[in-house]
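Q: This is structure-v2.json, which holds JSON, C-alpha atoms and all ligand atoms:
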```
[["chain", "number", "residue", "atom", "x", "y", "z"],
["A", 2, "MET", "CA", 110.18, 228.28, -74.05],
["A", 3, "SER", "CA", 108.20, 228.74, -70.82],
["A", 4, "GLU", "CA", 109.12, 226.67, -67.75],
["A", 5, "GLU", "CA", 105.76, 224.88, -68.03],
["A", 6, "ASP", "CA", 106.59, 223.62, -71.54],
["A", 7, "PHE", "CA", 110.07, 222.48, -70.56],
["A", 8, "PRO", "CA", 110.12, 218.69, -70.05],
["A", 9, "LYS", "CA", 111.15, 217.25, -66.68],
["A", 10, "ILE", "CA", 114.78, 216.08, -66.84],
["A", 11, "GLU", "CA", 116.82, 214.07, -64.31],
["A", 12, "LEU", "CA", 120.61, 214.03, -63.99],
["A", 13, "MET", "CA", 122.32, 210.67, -63.52],
["A", 14, "VAL", "CA", 125.71, 208.98, -63.90],
["A", 15, "SER", "CA", 126.37, 206.39, -66.62],
["A", 16, "GLU", "CA", 128.60, 203.32, -66.18],
["A", 17, "ASP", "CA", 131.83, 205.02, -67.30],
["A", 18, "GLY", "CA", 131.33, 207.71, -64.64],
["A", 19, "SER", "CA", 130.14, 210.41, -67.05],
["A", 20, "THR", "CA", 126.86, 212.20, -66.52],
["A", 21, "THR", "CA", 123.81, 211.80, -68.67],
["A", 22, "LEU", "CA", 120.21, 213.02, -68.51],
["A", 23, "TYR", "CA", 116.95, 211.12, -68.39],
["A", 24, "ARG", "CA", 113.56, 212.23, -69.80],
["A", 25, "PRO", "CA", 110.88, 210.39, -67.73],
["A", 26, "ASP", "CA", 108.09, 211.42, -70.15],
["A", 27, "LEU", "CA", 109.84, 209.51, -72.98],
["A", 28, "ASP", "CA", 111.56, 206.97, -70.71],
["A", 29, "GLU", "CA", 114.71, 207.84, -72.65],
["A", 30, "HIS", "CA", 118.31, 208.76, -71.75],
["A", 31, "TYR", "CA", 120.36, 211.33, -73.63],
["A", 32, "HIS", "CA", 123.22, 208.80, -73.96],
["A", 33, "SER", "CA", 123.99, 205.14, -73.42],
["A", 34, "VAL", "CA", 123.69, 204.17, -69.75],
["A", 35, "HIS", "CA", 126.76, 201.95, -70.39],
["A", 36, "GLY", "CA", 128.86, 205.09, -70.77],
["A", 37, "ALA", "CA", 127.99, 208.48, -72.22],
["A", 38, "VAL", "CA", 131.55, 209.57, -73.05],
["A", 39, "GLN", "CA", 132.44, 206.09, -74.29],
["A", 40, "GLU", "CA", 129.44, 206.03, -76.66],
["A", 41, "SER", "CA", 130.04, 209.51, -78.03],
["A", 42, "LEU", "CA", 133.74, 208.79, -78.69],
["A", 43, "HIS", "CA", 132.84, 205.58, -80.52],
["A", 44, "VAL", "CA", 129.88, 206.73, -82.63],
["A", 45, "PHE", "CA", 130.62, 210.35, -83.38],
["A", 46, "ILE", "CA", 134.35, 210.98, -82.88],
["A", 47, "ASN", "CA", 135.96, 207.76, -84.10],
["A", 48, "ALA", "CA", 133.39, 206.76, -86.76],
["A", 49, "GLY", "CA", 132.75, 210.35, -87.86],
["A", 50, "LEU", "CA", 135.16, 213.14, -87.02],
["A", 51, "LYS", "CA", 138.32, 211.03, -87.42],
["A", 52, "GLN", "CA", 137.26, 210.04, -90.95],
["A", 53, "ILE", "CA", 137.13, 213.65, -92.19],
["A", 54, "ASN", "CA", 140.24, 214.72, -94.02],
["A", 55, "LYS", "CA", 139.39, 218.34, -94.79],
["A", 56, "SER", "CA", 141.23, 221.06, -92.92],
["A", 57, "LYS", "CA", 138.11, 223.25, -92.88],
["A", 58, "PHE", "CA", 134.73, 221.56, -92.48],
["A", 59, "ASN", "CA", 131.09, 222.16, -91.55],
["A", 60, "LEU", "CA", 129.52, 219.84, -89.00],
["A", 61, "LEU", "CA", 125.81, 219.53, -88.21],
["A", 62, "GLU", "CA", 124.46, 217.97, -85.03],
["A", 63, "VAL", "CA", 120.83, 217.06, -84.54],
["A", 64, "GLY", "CA", 120.26, 217.42, -80.77],
["A", 65, "PHE", "CA", 122.78, 219.60, -78.86],
["A", 66, "GLY", "CA", 121.58, 218.27, -75.49],
["A", 67, "THR", "CA", 124.36, 218.35, -72.90],
["A", 68, "GLY", "CA", 126.96, 219.48, -75.42],
["A", 69, "LEU", "CA", 128.89, 216.20, -75.02],
["A", 70, "ASN", "CA", 129.48, 215.64, -78.74],
["A", 71, "ALA", "CA", 130.49, 219.26, -79.23],
["A", 72, "TYR", "CA", 132.87, 219.04, -76.26],
["A", 73, "LEU", "CA", 134.54, 215.83, -77.46],
["A", 74, "THR", "CA", 134.84, 217.27, -80.97],
["A", 75, "LEU", "CA", 136.63, 220.33, -79.64],
["A", 76, "ALA", "CA", 138.83, 218.06, -77.47],
["A", 77, "SER", "CA", 139.74, 215.96, -80.55],
["A", 78, "MET", "CA", 140.70, 218.80, -82.90],
["A", 79, "ASN", "CA", 144.35, 218.69, -83.94],
["A", 80, "GLY", "CA", 144.98, 222.43, -83.88],
["A", 81, "ASN", "CA", 145.47, 222.75, -87.65],
["A", 82, "SER", "CA", 141.86, 222.47, -88.75],
["A", 83, "GLU", "CA", 138.78, 224.68, -88.61],
["A", 84, "CYS", "CA", 135.41, 223.28, -87.54],
["A", 85, "HIS", "CA", 132.10, 225.12, -87.97],
["A", 86, "TYR", "CA", 129.82, 223.19, -85.63],
["A", 87, "HIS", "CA", 126.08, 223.86, -86.05],
["A", 88, "SER", "CA", 123.80, 222.17, -83.56],
["A", 89, "LEU", "CA", 119.99, 222.07, -83.53],
["A", 90, "GLU", "CA", 118.09, 221.84, -80.25],
["A", 91, "LYS", "CA", 114.41, 222.20, -79.47],
["A", 92, "TYR", "CA", 114.82, 222.19, -75.67],
["A", 93, "PRO", "CA", 117.97, 224.12, -74.69],
["A", 94, "LEU", "CA", 118.98, 223.15, -71.17],
["A", 95, "PRO", "CA", 118.89, 225.84, -68.50],
["A", 96, "LYS", "CA", 122.45, 227.18, -68.03],
["A", 97, "GLU", "CA", 122.91, 225.65, -64.55],
["A", 98, "TYR", "CA", 123.01, 222.14, -66.08],
["A", 99, "GLY", "CA", 126.39, 222.98, -67.63],
["A", 100, "LYS", "CA", 127.93, 223.21, -64.13],
["A", 101, "ALA", "CA", 126.45, 219.87, -63.01],
["A", 102, "ILE", "CA", 127.73, 217.92, -66.03],
["A", 103, "ASN", "CA", 131.15, 216.32, -65.48],
["A", 104, "TYR", "CA", 132.62, 215.78, -68.99],
["A", 105, "PRO", "CA", 135.59, 218.12, -68.43],
["A", 106, "GLU", "CA", 136.51, 216.12, -65.31],
["A", 107, "VAL", "CA", 135.94, 212.66, -66.85],
["A", 108, "TYR", "CA", 137.67, 213.55, -70.15],
["A", 109, "PRO", "CA", 140.06, 216.34, -69.20],
["A", 110, "PHE", "CA", 142.50, 218.43, -71.18],
["A", 111, "GLN", "CA", 144.06, 221.78, -70.51],
["A", 112, "GLY", "CA", 141.37, 224.44, -70.09],
["A", 113, "ALA", "CA", 138.59, 221.85, -70.49],
["A", 114, "ARG", "CA", 136.14, 223.23, -67.91],
["A", 115, "GLU", "CA", 136.53, 226.75, -69.26],
["A", 116, "PHE", "CA", 135.81, 225.63, -72.85],
["A", 117, "PHE", "CA", 132.85, 223.49, -71.78],
["A", 118, "ASP", "CA", 131.28, 226.32, -69.77],
["A", 119, "ARG", "CA", 131.85, 228.69, -72.69],
["A", 120, "MET", "CA", 129.90, 226.31, -74.94],
["A", 121, "HIS", "CA", 126.97, 226.31, -72.53],
["A", 122, "GLN", "CA", 127.00, 230.01, -71.81],
["A", 123, "CYS", "CA", 127.61, 231.42, -75.30],
["A", 124, "ALA", "CA", 124.84, 233.04, -77.33],
["A", 125, "TRP", "CA", 122.54, 231.00, -79.53],
["A", 126, "GLU", "CA", 121.81, 231.43, -83.26],
["A", 127, "SER", "CA", 125.08, 232.99, -84.48],
["A", 128, "GLU", "CA", 128.53, 231.37, -84.72],
["A", 129, "GLN", "CA", 130.64, 231.90, -81.59],
["A", 130, "LEU", "CA", 134.39, 231.32, -81.37],
["A", 131, "ILE", "CA", 134.97, 228.85, -78.52],
["A", 132, "GLN", "CA", 138.61, 228.02, -79.16],
["A", 133, "SER", "CA", 140.97, 228.77, -82.02],
["A", 134, "GLY", "CA", 139.58, 226.80, -84.99],
["A", 135, "PHE", "CA", 136.31, 225.83, -83.31],
["A", 136, "PHE", "CA", 133.17, 227.85, -84.03],
["A", 137, "LEU", "CA", 129.87, 226.87, -82.42],
["A", 138, "ARG", "CA", 126.44, 227.89, -83.68],
["A", 139, "LYS", "CA", 123.67, 226.58, -81.39],
["A", 140, "ILE", "CA", 120.28, 226.92, -83.04],
["A", 141, "GLU", "CA", 117.07, 226.73, -81.04],
["A", 142, "THR", "CA", 114.65, 225.09, -83.44],
["A", 143, "ASP", "CA", 112.48, 222.10, -84.19],
["A", 144, "PHE", "CA", 114.45, 219.87, -86.58],
["A", 145, "ASN", "CA", 111.19, 218.91, -88.28],
["A", 146, "ARG", "CA", 110.71, 222.50, -89.46],
["A", 147, "PHE", "CA", 114.27, 223.70, -89.87],
["A", 148, "GLN", "CA", 115.38, 225.07, -93.26],
["A", 149, "PHE", "CA", 119.11, 224.58, -93.84],
["A", 150, "ASP", "CA", 121.19, 227.57, -94.88],
["A", 151, "ALA", "CA", 124.52, 225.68, -95.06],
["A", 152, "SER", "CA", 125.81, 222.33, -96.30],
["A", 153, "TYR", "CA", 127.76, 219.83, -94.25],
["A", 154, "ASP", "CA", 130.77, 217.48, -94.41],
["A", 155, "LEU", "CA", 129.80, 215.62, -91.25],
["A", 156, "ILE", "CA", 126.45, 215.03, -89.52],
["A", 157, "TYR", "CA", 126.02, 213.69, -86.00],
["A", 158, "PHE", "CA", 122.48, 212.38, -86.01],
["A", 159, "ASP", "CA", 121.80, 212.18, -82.27],
["A", 160, "ALA", "CA", 118.02, 212.42, -81.86],
["A", 161, "PHE", "CA", 116.19, 210.36, -79.26],
["A", 162, "GLY", "CA", 115.64, 206.80, -80.46],
["A", 163, "PRO", "CA", 113.35, 205.97, -83.40],
["A", 164, "ASP", "CA", 111.08, 204.00, -81.05],
["A", 165, "LYS", "CA", 110.63, 207.07, -78.82],
["A", 166, "GLN", "CA", 110.60, 209.93, -81.34],
["A", 167, "ALA", "CA", 109.70, 208.39, -84.71],
["A", 168, "GLU", "CA", 108.95, 211.85, -86.17],
["A", 169, "MET", "CA", 112.72, 212.64, -86.10],
["A", 170, "TRP", "CA", 113.63, 209.61, -88.26],
["A", 171, "THR", "CA", 111.29, 209.87, -91.26],
["A", 172, "PRO", "CA", 112.40, 209.22, -94.88],
["A", 173, "ASP", "CA", 111.52, 212.85, -95.77],
["A", 174, "LEU", "CA", 113.84, 214.23, -93.09],
["A", 175, "PHE", "CA", 116.70, 212.03, -94.30],
["A", 176, "VAL", "CA", 116.15, 213.40, -97.82],
["A", 177, "LYS", "CA", 116.39, 216.90, -96.35],
["A", 178, "LEU", "CA", 119.63, 215.94, -94.58],
["A", 179, "SER", "CA", 121.02, 214.31, -97.71],
["A", 180, "GLU", "CA", 120.37, 217.50, -99.70],
["A", 181, "ALA", "CA", 122.37, 219.39, -97.08],
["A", 182, "THR", "CA", 125.29, 216.89, -97.13],
["A", 183, "ASN", "CA", 128.34, 217.69, -99.28],
["A", 184, "PRO", "CA", 129.63, 215.00, -101.70],
["A", 185, "GLY", "CA", 131.79, 212.62, -99.66],
["A", 186, "GLY", "CA", 130.09, 213.84, -96.47],
["A", 187, "ILE", "CA", 129.45, 211.42, -93.60],
["A", 188, "LEU", "CA", 126.44, 210.90, -91.31],
["A", 189, "THR", "CA", 126.85, 208.81, -88.17],
["A", 190, "THR", "CA", 124.22, 207.65, -85.71],
["A", 191, "TYR", "CA", 124.04, 205.17, -82.84],
["A", 192, "SER", "CA", 120.94, 203.48, -84.28],
["A", 193, "ALA", "CA", 121.26, 200.49, -86.60],
["A", 194, "LYS", "CA", 117.55, 199.99, -87.17],
["A", 195, "GLY", "CA", 116.55, 198.53, -90.55],
["A", 196, "THR", "CA", 114.00, 201.26, -91.27],
["A", 197, "VAL", "CA", 116.69, 203.90, -90.65],
["A", 198, "ARG", "CA", 119.21, 202.13, -92.91],
["A", 199, "ARG", "CA", 116.65, 201.86, -95.70],
["A", 200, "ALA", "CA", 115.54, 205.49, -95.34],
["A", 201, "LEU", "CA", 119.17, 206.68, -95.51],
["A", 202, "ALA", "CA", 119.84, 204.53, -98.60],
["A", 203, "ALA", "CA", 116.67, 205.83, -100.28],
["A", 204, "ALA", "CA", 117.85, 209.37, -99.51],
["A", 205, "GLY", "CA", 121.05, 208.77, -101.51],
["A", 206, "TYR", "CA", 123.59, 207.67, -98.91],
["A", 207, "VAL", "CA", 125.78, 204.56, -99.10],
["A", 208, "VAL", "CA", 125.05, 202.91, -95.77],
["A", 209, "ASP", "CA", 127.38, 200.76, -93.64],
["A", 210, "ARG", "CA", 126.79, 198.95, -90.39],
["A", 211, "LEU", "CA", 129.72, 199.21, -87.99],
["A", 212, "PRO", "CA", 130.28, 197.55, -84.61],
["A", 213, "GLY", "CA", 128.45, 199.56, -81.95],
["A", 214, "PRO", "CA", 129.74, 200.93, -78.64],
["A", 215, "PRO", "CA", 129.60, 198.73, -75.51],
["A", 216, "GLY", "CA", 126.01, 197.57, -74.94],
["A", 217, "LYS", "CA", 125.07, 197.95, -78.63],
["A", 218, "ARG", "CA", 125.81, 195.47, -81.40],
["A", 219, "GLU", "CA", 125.84, 197.85, -84.37],
["A", 220, "MET", "CA", 125.63, 201.48, -85.44],
["A", 221, "ILE", "CA", 125.28, 203.24, -88.81],
["A", 222, "ARG", "CA", 127.70, 205.26, -90.88],
["A", 223, "ALA", "CA", 126.29, 206.67, -94.11],
["A", 224, "ILE", "CA", 128.34, 208.37, -96.81],
["A", 225, "LYS", "CA", 127.10, 210.68, -99.57],
["A", 226, "PRO", "CA", 128.74, 209.53, -102.81],
["A", 227, "VAL", "CA", 131.12, 211.96, -104.50],
["A", 301, "LIG", "C1", 119.92, 211.89, -77.59],
["A", 301, "LIG", "S1", 119.77, 213.55, -77.01],
["A", 301, "LIG", "C2", 121.18, 214.34, -77.70],
["A", 301, "LIG", "C3", 122.42, 214.27, -76.87],
["A", 301, "LIG", "C4", 123.42, 215.31, -77.28],
["A", 301, "LIG", "N1", 123.91, 215.16, -78.63],
["A", 301, "LIG", "C5", 124.57, 215.40, -76.30],
["A", 301, "LIG", "O1", 125.74, 215.38, -76.74],
["A", 301, "LIG", "O2", 124.30, 215.51, -75.11],
["A", 301, "LIG", "C6", 118.49, 214.16, -78.15],
["A", 301, "LIG", "C7", 118.37, 215.67, -78.14],
["A", 301, "LIG", "O3", 117.43, 216.05, -79.17],
["A", 301, "LIG", "C8", 116.65, 217.13, -78.67],
["A", 301, "LIG", "N2", 115.39, 217.20, -79.43],
["A", 301, "LIG", "C9", 114.24, 216.53, -79.20],
["A", 301, "LIG", "N3", 113.30, 216.84, -80.13],
["A", 301, "LIG", "C10", 113.89, 217.72, -80.98],
["A", 301, "LIG", "C11", 113.45, 218.41, -82.15],
["A", 301, "LIG", "N4", 112.21, 218.22, -82.64],
["A", 301, "LIG", "N5", 114.29, 219.24, -82.76],
["A", 301, "LIG", "C12", 115.57, 219.43, -82.28],
["A", 301, "LIG", "N6", 116.05, 218.81, -81.17],
["A", 301, "LIG", "C13", 115.22, 217.96, -80.54],
["A", 301, "LIG", "C14", 116.46, 216.76, -77.21],
["A", 301, "LIG", "O4", 116.07, 217.86, -76.42],
["A", 301, "LIG", "C15", 117.83, 216.24, -76.84],
["A", 301, "LIG", "O5", 118.67, 217.27, -76.41]]
```
For this file, produce the structure as C-alpha cells.
Ligand SMILES: C[S@@+](CC[C@H](N)C(=O)[O-])C[C@H]1O[C@@H](n2cnc3c(N)ncnc32)[C@H](O)[C@@H]1O

A:
Amino acid sequence: MSEEDFPKIELMVSEDGSTTLYRPDLDEHYHSVHGAVQESLHVFINAGLKQINKSKFNLLEVGFGTGLNAYLTLASMNGNSECHYHSLEKYPLPKEYGKAINYPEVYPFQGAREFFDRMHQCAWESEQLIQSGFFLRKIETDFNRFQFDASYDLIYFDAFGPDKQAEMWTPDLFVKLSEATNPGGILTTYSAKGTVRRALAAAGYVVDRLPGPPGKREMIRAIKPV
C-alpha cells in the first residue's frame, strides 16, 4: 500500500495506561478508551481463549491492528498447547509503531518486549514461529474479499464498529465466518448490537450476551453447535 493510501493514525494512551490508536477519518479508536489491555483481556482472552479446551487449535482474528490480541494470547498460553493464530489486516502498521506501543511494559512477562517486537517484525502471509507453541500468520488482505483456506476453533472479531464500518458486519460475511468455524468453535466480539446478534444467529451460531468490559454494558459470544 502506498503512503498516500495509508490512513492517518494517531497514537494515544487509554485509561488503563495502555496505548491505542485513533483513526480521525473514521473518528474511531482501535480499542476502548477506558482501557485497551483491559478490554482485550475481557472480550478476547477471558470470554474466548480461556473457554477453548483443545491442546492444538486454530485462531482467526479479523483486524491485526496493533497486535494487542495476539500479544495477550501469547502471554496467556499455558505452555502445553499449540496455537495457530491467523490474523487479517488491510492496513498493516508501519514497523516503527511496534516500538511506540507499550503492551509489553503494561502487561509484562519474561521476554515480553522481544516477543512483541518479533510479532511486528516477522514476515507476513506464512506462519512464523514466535514462541514455542505459538505460530503467527499475518495476512494482508481485505476481509470482504478473503477466501478462507483453514477452519477455526476460535475467532476474535475485532473490526471497527458496525456504525463506522458496516461493510465488515454484514450477514453474508458472518455466513462466511460460520462456514470457516469448526463445530464447537467460538466467536467473540466487543459489539452487542442487535443486528450483529441476529446476523450471527442466522449464520448458524448460538448467540449469548455477556457482561461487557468497563465502559460497555454487554458483548457477544457466539458458539457453533457441535
Ligand atoms: C478495532 S481495530 C483492531 C485492533 C486489533 N485487533 C488490535 O489488537 O490492536 C480494527 C482493525 O481492522 C483493520 N481493518 C479495517 N478494514 C479492514 C478490512 N476491510 N479488512 C481487514 N482489516 C481491516 C483496521 O486497519 C484495524 O487494524

Q: Please find the residues contacting ligand LIG 301 (chain A) at a distance of at most 6 Å between atoms, with all atoms listed in the file counted, and report them as an mmCIF file with C-alpha atoms, keeping the file's coordinate frame.

A:
```cif
data_model
loop_
_atom_site.group_PDB
_atom_site.id
_atom_site.type_symbol
_atom_site.label_atom_id
_atom_site.label_comp_id
_atom_site.auth_asym_id
_atom_site.auth_seq_id
_atom_site.Cartn_x
_atom_site.Cartn_y
_atom_site.Cartn_z
ATOM 1 C CA TYR A 31 120.360 211.330 -73.630
ATOM 2 C CA HIS A 32 123.220 208.800 -73.960
ATOM 3 C CA GLY A 64 120.260 217.420 -80.770
ATOM 4 C CA PHE A 65 122.780 219.600 -78.860
ATOM 5 C CA GLY A 66 121.580 218.270 -75.490
ATOM 6 C CA THR A 67 124.360 218.350 -72.900
ATOM 7 C CA GLY A 68 126.960 219.480 -75.420
ATOM 8 C CA LEU A 69 128.890 216.200 -75.020
ATOM 9 C CA ASN A 70 129.480 215.640 -78.740
ATOM 10 C CA LEU A 89 119.990 222.070 -83.530
ATOM 11 C CA GLU A 90 118.090 221.840 -80.250
ATOM 12 C CA LYS A 91 114.410 222.200 -79.470
ATOM 13 C CA TYR A 92 114.820 222.190 -75.670
ATOM 14 C CA THR A 142 114.650 225.090 -83.440
ATOM 15 C CA ASP A 143 112.480 222.100 -84.190
ATOM 16 C CA PHE A 144 114.450 219.870 -86.580
ATOM 17 C CA ASN A 145 111.190 218.910 -88.280
ATOM 18 C CA ASP A 159 121.800 212.180 -82.270
ATOM 19 C CA ALA A 160 118.020 212.420 -81.860
ATOM 20 C CA PHE A 161 116.190 210.360 -79.260
#
```

Q: With all atoms listed in the file as the basis for distance, which of A:Thr190, A:Ser88, A:Thr196, A:Asn54 is at the shortest distance from Asp164 of chain A?

A: A:Thr196

Q: Which polymer residues, protein or nucleic acid, are no farther than 8 Å from (107.6, 207.6, -75.4), counting all atoms listed in the file, as a ChimeraX atom specification?

A: /A:26-29,164-166

Q: Take the residues from that selection and write them out as an mmCIF file, in the frame of the given file, keeping C-alpha atoms.

A:
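Listing of again.cif after writing:
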```
data_model
loop_
_atom_site.group_PDB
_atom_site.id
_atom_site.type_symbol
_atom_site.label_atom_id
_atom_site.label_comp_id
_atom_site.auth_asym_id
_atom_site.auth_seq_id
_atom_site.Cartn_x
_atom_site.Cartn_y
_atom_site.Cartn_z
ATOM 1 C CA ASP A 26 108.090 211.420 -70.150
ATOM 2 C CA LEU A 27 109.840 209.510 -72.980
ATOM 3 C CA ASP A 28 111.560 206.970 -70.710
ATOM 4 C CA GLU A 29 114.710 207.840 -72.650
ATOM 5 C CA ASP A 164 111.080 204.000 -81.050
ATOM 6 C CA LYS A 165 110.630 207.070 -78.820
ATOM 7 C CA GLN A 166 110.600 209.930 -81.340
#
```

Q: Pick out the closest residue to Arg138 of chain A from this set: A:Thr21, A:Asn59, A:Ser82, A:Thr182. Count only C-alpha atoms.

A: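 Among A:Thr21, A:Asn59, A:Ser82, A:Thr182, it is A:Asn59 that comes nearest to Arg138 of chain A.
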
Q: Between atom CA of Asp150 of chain A and atom CA of Cys84 of chain A, what distance in Å does the model show, to one decimal?

A: 16.6 Å

Q: What's around Val107 of chain A at 9 Å? Count only C-alpha atoms, leave out sequence neighbours fewer than 6 positions away in its own chain, and write the answer as a list of chain:residue names.

A: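 Near neighbours after the sequence-gap exclusion: A:Asp17, A:Gly18, A:Ser19, A:Val38.
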
Q: When you draw a straight line from atom CA of Phe116 of chain A to atom CA of Arg222 of chain A, how long is it in Å?

A: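 Separation of atom CA of Phe116 of chain A and atom CA of Arg222 of chain A: 28.4 Å.
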
Q: Please identify all polymer residues within 9 Å of Tyr191 of chain A, counting all atoms listed in the file, omitting same-chain residues fewer than 2 positions from it, and present them as a list in words.

A: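 That gives Glu40, Ser41, Val44, Phe45, Phe158, Asp159, Gly162, Thr189, Ala193, Gly213, Pro214, Lys217, Glu219, Met220, Ile221 and Arg222 of chain A.
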
Q: Nearest to Ala151 of chain A: which of A:Tyr206, A:Tyr98, A:Phe58, A:Trp125 is it, counting only C-alpha atoms?

A: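 Checking each candidate against Ala151 of chain A, we get A:Phe58 as the closest.
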
Q: Between atom CA of Phe175 of chain A and atom CA of Leu42 of chain A, what distance in Å does the model show, to one decimal?

A: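 Answer for the atom CA of Phe175 of chain A to atom CA of Leu42 of chain A separation: 23.3 Å.
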
Q: From the options A:Val197, A:Leu73, A:Ile187, A:Leu22, which residue's atoms come nearest to Glu168 of chain A, counting only C-alpha atoms?

A: A:Val197

Q: If we count only C-alpha atoms, what is near Glu16 of chain A at a cut-off of 8 Å, once residues fewer than 5 positions away on the same chain are taken out, given as a list of chain:residue names?

A: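 Once the adjacent positions are removed, what remains is A:Val34, A:His35, A:Gly36, A:Ala37.
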
Q: Hey, what's within 12 Å of Phe110 of chain A if we count only C-alpha atoms and toss same-chain stuff fewer than 6 positions away? As a PDB file with C-alpha atoms, in the frame of the given file, please?

A:
```
ATOM      1  CA  TYR A  72     132.870 219.040 -76.260  1.00  0.00           C
ATOM      2  CA  LEU A  73     134.540 215.830 -77.460  1.00  0.00           C
ATOM      3  CA  LEU A  75     136.630 220.330 -79.640  1.00  0.00           C
ATOM      4  CA  ALA A  76     138.830 218.060 -77.470  1.00  0.00           C
ATOM      5  CA  SER A  77     139.740 215.960 -80.550  1.00  0.00           C
ATOM      6  CA  MET A  78     140.700 218.800 -82.900  1.00  0.00           C
ATOM      7  CA  TYR A 104     132.620 215.780 -68.990  1.00  0.00           C
ATOM      8  CA  PHE A 116     135.810 225.630 -72.850  1.00  0.00           C
ATOM      9  CA  PHE A 117     132.850 223.490 -71.780  1.00  0.00           C
TER      10      PHE A 117
END
```

Q: Could you tell me which of A:His85, A:His30, A:His43, A:Lys96 comes closest to Ser56 of chain A if we count only C-alpha atoms?

A: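 Closest to Ser56 of chain A, using only C-alpha atoms: A:His85.
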
Q: Set the distance at 10 Å and use all atoms listed in the file: which residues neighbour Leu178 of chain A once local chain neighbours fewer than 4 positions away are removed? I'd like the list as a list in words.

A: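 Listed by chain and then number, they are Leu61, Phe149, Ser152, Tyr153, Ile156, Phe158, Pro172, Asp173, Leu174, Thr182, Leu188, Leu201 and Ala204 of chain A.
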
Q: Using the structure just given, write a file holding N, CA and C atoms for segment 100-116 of chain A, as a PDB file, in the first residue's frame.

A:
```pdb
ATOM      1  N   LYS A 100       7.422  -0.252  18.182  1.00  0.00           N
ATOM      2  CA  LYS A 100       8.311   0.273  19.236  1.00  0.00           C
ATOM      3  C   LYS A 100       7.581   1.268  20.128  1.00  0.00           C
ATOM      4  N   ALA A 101       6.597   1.989  19.569  1.00  0.00           N
ATOM      5  CA  ALA A 101       5.914   3.041  20.329  1.00  0.00           C
ATOM      6  C   ALA A 101       4.771   2.483  21.184  1.00  0.00           C
ATOM      7  N   ILE A 102       4.386   1.252  20.923  1.00  0.00           N
ATOM      8  CA  ILE A 102       3.251   0.651  21.642  1.00  0.00           C
ATOM      9  C   ILE A 102       3.770  -0.007  22.930  1.00  0.00           C
ATOM     10  N   ASN A 103       3.034   0.187  24.047  1.00  0.00           N
ATOM     11  CA  ASN A 103       3.622  -0.161  25.356  1.00  0.00           C
ATOM     12  C   ASN A 103       3.058  -1.437  26.003  1.00  0.00           C
ATOM     13  N   TYR A 104       2.427  -2.333  25.249  1.00  0.00           N
ATOM     14  CA  TYR A 104       1.807  -3.509  25.884  1.00  0.00           C
ATOM     15  C   TYR A 104       2.804  -4.364  26.685  1.00  0.00           C
ATOM     16  N   PRO A 105       4.018  -4.573  26.176  1.00  0.00           N
ATOM     17  CA  PRO A 105       4.952  -5.392  26.964  1.00  0.00           C
ATOM     18  C   PRO A 105       5.309  -4.748  28.305  1.00  0.00           C
ATOM     19  N   GLU A 106       5.227  -3.427  28.390  1.00  0.00           N
ATOM     20  CA  GLU A 106       5.549  -2.749  29.653  1.00  0.00           C
ATOM     21  C   GLU A 106       4.322  -2.721  30.573  1.00  0.00           C
ATOM     22  N   VAL A 107       3.132  -2.567  30.001  1.00  0.00           N
ATOM     23  CA  VAL A 107       1.909  -2.509  30.810  1.00  0.00           C
ATOM     24  C   VAL A 107       1.482  -3.905  31.266  1.00  0.00           C
ATOM     25  N   TYR A 108       1.757  -4.916  30.444  1.00  0.00           N
ATOM     26  CA  TYR A 108       1.361  -6.300  30.758  1.00  0.00           C
ATOM     27  C   TYR A 108       2.589  -7.191  30.540  1.00  0.00           C
ATOM     28  N   PRO A 109       3.548  -7.078  31.480  1.00  0.00           N
ATOM     29  CA  PRO A 109       4.848  -7.722  31.234  1.00  0.00           C
ATOM     30  C   PRO A 109       4.900  -9.212  31.599  1.00  0.00           C
ATOM     31  N   PHE A 110       5.781  -9.901  30.969  1.00  0.00           N
ATOM     32  CA  PHE A 110       6.195 -11.251  31.384  1.00  0.00           C
ATOM     33  C   PHE A 110       7.603 -11.431  30.839  1.00  0.00           C
ATOM     34  N   GLN A 111       8.245 -12.491  31.218  1.00  0.00           N
ATOM     35  CA  GLN A 111       9.639 -12.646  30.818  1.00  0.00           C
ATOM     36  C   GLN A 111       9.794 -12.694  29.289  1.00  0.00           C
ATOM     37  N   GLY A 112      10.598 -11.815  28.764  1.00  0.00           N
ATOM     38  CA  GLY A 112      10.855 -11.805  27.317  1.00  0.00           C
ATOM     39  C   GLY A 112       9.771 -11.101  26.522  1.00  0.00           C
ATOM     40  N   ALA A 113       8.866 -10.386  27.215  1.00  0.00           N
ATOM     41  CA  ALA A 113       7.686  -9.811  26.563  1.00  0.00           C
ATOM     42  C   ALA A 113       8.026  -8.882  25.386  1.00  0.00           C
ATOM     43  N   ARG A 114       8.918  -7.946  25.617  1.00  0.00           N
ATOM     44  CA  ARG A 114       9.241  -6.973  24.555  1.00  0.00           C
ATOM     45  C   ARG A 114       9.798  -7.680  23.326  1.00  0.00           C
ATOM     46  N   GLU A 115      10.637  -8.670  23.576  1.00  0.00           N
ATOM     47  CA  GLU A 115      11.251  -9.407  22.457  1.00  0.00           C
ATOM     48  C   GLU A 115      10.158 -10.131  21.628  1.00  0.00           C
ATOM     49  N   PHE A 116       9.218 -10.768  22.323  1.00  0.00           N
ATOM     50  CA  PHE A 116       8.151 -11.481  21.605  1.00  0.00           C
ATOM     51  C   PHE A 116       7.256 -10.502  20.844  1.00  0.00           C
TER      52      PHE A 116
END
```
